[in-house]
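Asker: Got a structure for you, entry_12.cif, holding mmCIF, C-alpha atoms, pLDDT in the B column; chains and numbers go by the auth columns.
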data_model
#
loop_
_atom_site.group_PDB
_atom_site.id
_atom_site.type_symbol
_atom_site.label_atom_id
_atom_site.label_comp_id
_atom_site.label_asym_id
_atom_site.label_seq_id
_atom_site.Cartn_x
_atom_site.Cartn_y
_atom_site.Cartn_z
_atom_site.B_iso_or_equiv
_atom_site.auth_seq_id
_atom_site.auth_asym_id
ATOM 1 C CA GLY A 1 65.812 185.528 138.747 82.00 298 A
ATOM 2 C CA PRO A 2 64.332 185.321 135.268 82.00 299 A
ATOM 3 C CA VAL A 3 63.894 181.522 135.491 79.00 300 A
ATOM 4 C CA MET A 4 61.751 181.791 138.630 81.00 301 A
ATOM 5 C CA LYS A 5 59.615 184.480 136.996 87.00 302 A
ATOM 6 C CA LYS A 6 59.106 182.250 133.957 89.00 303 A
ATOM 7 C CA THR A 7 58.131 179.323 136.218 89.00 304 A
ATOM 8 C CA ALA A 8 55.694 181.495 138.190 92.00 305 A
ATOM 9 C CA GLU A 9 54.055 182.677 134.954 94.00 306 A
ATOM 10 C CA ASN A 10 53.833 179.083 133.754 94.00 307 A
ATOM 11 C CA MET A 11 52.224 177.960 137.038 95.00 308 A
ATOM 12 C CA SER A 12 49.627 180.734 136.936 95.00 309 A
ATOM 13 C CA ARG A 13 48.853 179.787 133.312 96.00 310 A
ATOM 14 C CA LEU A 14 48.417 176.149 134.361 96.00 311 A
ATOM 15 C CA ARG A 15 46.216 177.097 137.326 95.00 312 A
ATOM 16 C CA GLY A 16 43.973 179.005 134.925 96.00 313 A
ATOM 17 C CA MET A 17 43.379 175.918 132.794 96.00 314 A
ATOM 18 C CA SER A 18 40.467 173.515 133.282 96.00 315 A
ATOM 19 C CA ARG A 19 40.933 169.922 134.460 96.00 316 A
ATOM 20 C CA SER A 20 40.277 168.544 130.971 96.00 317 A
ATOM 21 C CA GLU A 21 42.781 170.963 129.416 97.00 318 A
ATOM 22 C CA LEU A 22 45.405 169.940 131.984 97.00 319 A
ATOM 23 C CA GLU A 23 44.763 166.244 131.397 97.00 320 A
ATOM 24 C CA GLU A 24 45.032 166.795 127.639 97.00 321 A
ATOM 25 C CA GLU A 25 48.342 168.625 128.133 97.00 322 A
ATOM 26 C CA LEU A 26 49.550 165.754 130.330 97.00 323 A
ATOM 27 C CA VAL A 27 48.845 163.223 127.551 98.00 324 A
ATOM 28 C CA THR A 28 50.634 165.419 125.012 98.00 325 A
ATOM 29 C CA LEU A 29 53.689 165.790 127.260 97.00 326 A
ATOM 30 C CA GLY A 30 53.699 162.065 127.989 97.00 327 A
ATOM 31 C CA ARG A 31 53.811 161.287 124.280 98.00 328 A
ATOM 32 C CA ALA A 32 56.557 163.873 123.783 97.00 329 A
ATOM 33 C CA ALA A 33 58.553 162.306 126.649 96.00 330 A
ATOM 34 C CA PHE A 34 58.271 158.902 125.001 97.00 331 A
ATOM 35 C CA GLN A 35 59.454 160.296 121.651 96.00 332 A
ATOM 36 C CA MET A 36 62.387 162.068 123.291 96.00 333 A
ATOM 37 C CA ARG A 37 63.449 158.895 125.118 95.00 334 A
ATOM 38 C CA LEU A 38 63.422 156.997 121.815 95.00 335 A
ATOM 39 C CA GLN A 39 65.425 159.727 120.104 95.00 336 A
ATOM 40 C CA LYS A 40 67.916 159.765 122.985 94.00 337 A
ATOM 41 C CA ASN A 41 68.352 155.993 122.754 93.00 338 A
ATOM 42 C CA TYR A 42 69.095 156.271 119.043 93.00 339 A
ATOM 43 C CA ASN A 43 71.367 159.301 119.561 93.00 340 A
ATOM 44 C CA GLN A 44 69.028 161.551 117.567 93.00 341 A
ATOM 45 C CA LEU A 45 68.186 163.976 120.380 91.00 342 A
ATOM 46 C CA SER A 46 70.516 166.969 120.307 90.00 343 A
ATOM 47 C CA ASP A 47 69.104 168.786 123.360 91.00 344 A
ATOM 48 C CA THR A 48 68.813 166.255 126.199 89.00 345 A
ATOM 49 C CA ASN A 49 67.846 169.063 128.589 94.00 346 A
ATOM 50 C CA LYS A 50 64.382 168.969 126.980 95.00 347 A
ATOM 51 C CA ILE A 51 63.739 165.621 128.706 96.00 348 A
ATOM 52 C CA LYS A 52 64.317 167.168 132.137 96.00 349 A
ATOM 53 C CA GLU A 53 62.174 170.200 131.303 95.00 350 A
ATOM 54 C CA ASN A 54 59.402 167.911 130.029 97.00 351 A
ATOM 55 C CA LYS A 55 59.471 165.876 133.279 97.00 352 A
ATOM 56 C CA ARG A 56 59.250 169.056 135.333 96.00 353 A
ATOM 57 C CA GLN A 57 56.301 170.335 133.309 97.00 354 A
ATOM 58 C CA ILE A 58 54.514 166.992 133.829 97.00 355 A
ATOM 59 C CA ALA A 59 55.151 167.318 137.584 97.00 356 A
ATOM 60 C CA ARG A 60 53.795 170.892 137.572 97.00 357 A
ATOM 61 C CA ILE A 61 50.606 169.775 135.829 97.00 358 A
ATOM 62 C CA LYS A 62 50.136 166.905 138.291 98.00 359 A
ATOM 63 C CA LEU A 63 50.627 169.368 141.158 97.00 360 A
ATOM 64 C CA VAL A 64 47.955 171.715 139.781 97.00 361 A
ATOM 65 C CA LEU A 65 45.568 168.782 139.173 97.00 362 A
ATOM 66 C CA GLY A 66 46.077 167.756 142.812 97.00 363 A
ATOM 67 C CA GLU A 67 45.382 171.302 143.986 96.00 364 A
ATOM 68 C CA LYS A 68 42.180 171.386 141.931 95.00 365 A
ATOM 69 C CA ALA A 69 41.068 168.011 143.320 95.00 366 A
ATOM 70 C CA LYS A 70 41.616 169.288 146.878 95.00 367 A
ATOM 71 C CA GLU A 71 39.638 172.455 146.160 92.00 368 A
ATOM 72 C CA GLU A 72 36.783 170.448 144.648 91.00 369 A
ATOM 73 C CA ALA A 73 36.742 168.072 147.624 91.00 370 A
ATOM 74 C CA LYS A 74 36.755 170.992 150.046 92.00 371 A
ATOM 75 C CA SER A 75 33.889 172.775 148.260 90.00 372 A
ATOM 76 C CA ALA A 76 31.938 169.512 147.961 89.00 373 A
ATOM 77 C CA ALA A 77 32.402 168.872 151.697 89.00 374 A
ATOM 78 C CA ALA A 78 31.297 172.426 152.488 89.00 375 A
ATOM 79 C CA ALA A 79 28.244 172.050 150.253 88.00 376 A
ATOM 80 C CA GLY A 80 27.465 168.671 151.829 85.00 377 A
ATOM 81 C CA ALA A 81 27.751 170.072 155.355 81.00 378 A
ATOM 82 C CA GLY A 82 25.424 172.936 154.436 75.00 379 A
ATOM 83 C CA ALA A 83 22.877 170.523 152.962 70.00 380 A
ATOM 84 C CA GLU A 84 22.955 168.334 156.086 67.00 381 A
ATOM 85 C CA GLU A 85 22.277 171.311 158.356 64.00 382 A
ATOM 86 C CA GLY A 86 19.342 172.332 156.181 62.00 383 A
ATOM 87 C CA ALA A 87 17.915 168.808 156.389 63.00 384 A
ATOM 88 C CA LYS A 88 18.092 168.781 160.217 62.00 385 A
ATOM 89 C CA ALA A 89 16.142 172.004 160.632 54.00 386 A
#
Translate the structure of the given file into structure tokens.
Answerer:
Amino acid sequence: GPVMKKTAENMSRLRGMSRSELEEELVTLGRAAFQMRLQKNYNQLSDTNKIKENKRQIARIKLVLGEKAKEEAKSAAAAGAGAEEGAKA
């Protein structure tokens, strides 16, 4: 449905971001989550669904950061294996 399409677009946008951009976004969302929790505790938050959406976005960013770390490790291992073979010859 339309929600899945929106999520897919969001994920592709996140995957296009650099590690530093993602980490910056993570800090921003973390601060926003803290503010929303305070507002909720003082009954000032009208839309409590924002907390859930914020948590999900944080999880998405962490997922993409993990994917990027795996890719970097894989390419580093491949580069290391290639360098070792060159050294043997």
Asker: Contacts of Ala356 of chain A at 12 Å or less, counting all atoms listed in the file, minus same-chain residues fewer than 5 places along, as a list in words?
Answerer: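 Close residues of Ala356 of chain A: Met308, Leu311, Leu319, Glu322, Leu323, Leu326, Gly327, Lys349, Glu350, Asn351, Val361, Leu362 and Gly363 of chain A.
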Asker: Which of these, A:Lys365, A:Asn346, A:Tyr339, A:Phe331, has the shortest distance to Met314 of chain A once you count only C-alpha atoms?
Answerer: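 Looking only at the distances to Met314 of chain A, the closest residue turns out to be A:Lys365.
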Asker: What does the distance from atom CA of Lys352 of chain A to atom CA of Ala330 of chain A come to in Å, to one decimal?
Answerer: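 Taking atom CA of Lys352 of chain A and atom CA of Ala330 of chain A, their separation equals 7.6 Å.
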Asker: Need to verify the contact set: Met333 of chain A, 10 Å, all atoms listed in the file, exclusion of same-chain residues closer than 5 positions in sequence. Can you return it as a ChimeraX atom specification?
Answerer: /A:327-328,338-339,341-345,347-348,351
Asker: Can you report as JSON the centre and edge lengths in Å, to one decimal, of an axis-aligned box around the listed atoms of segment 353-366 of chain A padded with 6 Å on each side?
Answerer:
{"center_x": 50.2, "center_y": 169.3, "center_z": 138.6, "size_x": 30.2, "size_y": 16.8, "size_z": 22.7}
Asker: Grab the atom CA of Lys367 of chain A to atom CA of Lys303 of chain A distance for me, in Å with one decimal place.
Answerer: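 Rounded to one decimal, the two atoms are 25.3 Å apart.
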Asker: Could you check how far atom CA of Arg316 of chain A sits from atom CA of Ile358 of chain A, in Å to one decimal?
Answerer: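 Atom CA of Ile358 of chain A lies at a distance of 9.8 Å from atom CA of Arg316 of chain A.
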Asker: Smallest atom-to-atom distance to Leu360 of chain A: which of A:Ala376, A:Gln332, A:Glu320, A:Asn340, using all atoms listed in the file?
Answerer: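 Once distances to Leu360 of chain A are computed over all atoms listed in the file, the minimum belongs to A:Glu320.
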Asker: Output segment 347-367 of chain A as an mmCIF file, in the frame of the given file, making sure N, CA, C and O atoms are there.
Answerer:
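In the end it all went to part.cif:
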data_model
loop_
_atom_site.group_PDB
_atom_site.id
_atom_site.type_symbol
_atom_site.label_atom_id
_atom_site.label_comp_id
_atom_site.auth_asym_id
_atom_site.auth_seq_id
_atom_site.Cartn_x
_atom_site.Cartn_y
_atom_site.Cartn_z
ATOM 1 N N LYS A 347 65.826 168.937 127.216
ATOM 2 C CA LYS A 347 64.382 168.969 126.980
ATOM 3 C C LYS A 347 63.669 167.873 127.761
ATOM 4 O O LYS A 347 62.537 168.045 128.189
ATOM 5 N N ILE A 348 64.338 166.727 127.958
ATOM 6 C CA ILE A 348 63.739 165.621 128.706
ATOM 7 C C ILE A 348 63.469 166.058 130.145
ATOM 8 O O ILE A 348 62.380 165.847 130.679
ATOM 9 N N LYS A 349 64.457 166.700 130.757
ATOM 10 C CA LYS A 349 64.317 167.168 132.137
ATOM 11 C C LYS A 349 63.211 168.219 132.236
ATOM 12 O O LYS A 349 62.386 168.182 133.149
ATOM 13 N N GLU A 350 63.186 169.138 131.301
ATOM 14 C CA GLU A 350 62.174 170.200 131.303
ATOM 15 C C GLU A 350 60.779 169.599 131.124
ATOM 16 O O GLU A 350 59.819 170.022 131.769
ATOM 17 N N ASN A 351 60.671 168.592 130.266
ATOM 18 C CA ASN A 351 59.402 167.911 130.029
ATOM 19 C C ASN A 351 58.918 167.237 131.312
ATOM 20 O O ASN A 351 57.750 167.357 131.685
ATOM 21 N N LYS A 352 59.828 166.542 132.014
ATOM 22 C CA LYS A 352 59.471 165.876 133.279
ATOM 23 C C LYS A 352 58.975 166.886 134.304
ATOM 24 O O LYS A 352 58.010 166.638 135.024
ATOM 25 N N ARG A 353 59.646 168.012 134.370
ATOM 26 C CA ARG A 353 59.250 169.056 135.333
ATOM 27 C C ARG A 353 57.876 169.623 135.004
ATOM 28 O O ARG A 353 57.073 169.888 135.899
ATOM 29 N N GLN A 354 57.604 169.809 133.719
ATOM 30 C CA GLN A 354 56.301 170.335 133.309
ATOM 31 C C GLN A 354 55.197 169.326 133.655
ATOM 32 O O GLN A 354 54.124 169.712 134.120
ATOM 33 N N ILE A 355 55.479 168.036 133.458
ATOM 34 C CA ILE A 355 54.514 166.992 133.829
ATOM 35 C C ILE A 355 54.242 167.064 135.333
ATOM 36 O O ILE A 355 53.097 167.002 135.770
ATOM 37 N N ALA A 356 55.302 167.223 136.127
ATOM 38 C CA ALA A 356 55.151 167.318 137.584
ATOM 39 C C ALA A 356 54.328 168.546 137.968
ATOM 40 O O ALA A 356 53.483 168.471 138.863
ATOM 41 N N ARG A 357 54.558 169.671 137.285
ATOM 42 C CA ARG A 357 53.795 170.892 137.572
ATOM 43 C C ARG A 357 52.307 170.669 137.304
ATOM 44 O O ARG A 357 51.455 171.077 138.096
ATOM 45 N N ILE A 358 52.003 170.021 136.183
ATOM 46 C CA ILE A 358 50.606 169.775 135.829
ATOM 47 C C ILE A 358 49.957 168.868 136.865
ATOM 48 O O ILE A 358 48.839 169.105 137.305
ATOM 49 N N LYS A 359 50.680 167.812 137.284
ATOM 50 C CA LYS A 359 50.136 166.905 138.291
ATOM 51 C C LYS A 359 49.895 167.637 139.608
ATOM 52 O O LYS A 359 48.904 167.379 140.293
ATOM 53 N N LEU A 360 50.786 168.564 139.941
ATOM 54 C CA LEU A 360 50.627 169.368 141.158
ATOM 55 C C LEU A 360 49.350 170.202 141.079
ATOM 56 O O LEU A 360 48.548 170.218 142.015
ATOM 57 N N VAL A 361 49.142 170.869 139.956
ATOM 58 C CA VAL A 361 47.955 171.715 139.781
ATOM 59 C C VAL A 361 46.684 170.864 139.788
ATOM 60 O O VAL A 361 45.677 171.247 140.389
ATOM 61 N N LEU A 362 46.729 169.676 139.154
ATOM 62 C CA LEU A 362 45.568 168.782 139.173
ATOM 63 C C LEU A 362 45.243 168.366 140.611
ATOM 64 O O LEU A 362 44.073 168.307 140.994
ATOM 65 N N GLY A 363 46.282 168.104 141.406
ATOM 66 C CA GLY A 363 46.077 167.756 142.812
ATOM 67 C C GLY A 363 45.465 168.902 143.589
ATOM 68 O O GLY A 363 44.568 168.699 144.415
ATOM 69 N N GLU A 364 45.936 170.115 143.327
ATOM 70 C CA GLU A 364 45.382 171.302 143.986
ATOM 71 C C GLU A 364 43.895 171.446 143.644
ATOM 72 O O GLU A 364 43.074 171.726 144.509
ATOM 73 N N LYS A 365 43.574 171.259 142.362
ATOM 74 C CA LYS A 365 42.180 171.386 141.931
ATOM 75 C C LYS A 365 41.307 170.314 142.572
ATOM 76 O O LYS A 365 40.178 170.592 142.978
ATOM 77 N N ALA A 366 41.822 169.104 142.691
ATOM 78 C CA ALA A 366 41.068 168.011 143.320
ATOM 79 C C ALA A 366 40.791 168.336 144.784
ATOM 80 O O ALA A 366 39.684 168.106 145.285
ATOM 81 N N LYS A 367 41.794 168.903 145.476
ATOM 82 C CA LYS A 367 41.616 169.288 146.878
ATOM 83 C C LYS A 367 40.552 170.370 147.012
ATOM 84 O O LYS A 367 39.709 170.315 147.903
#
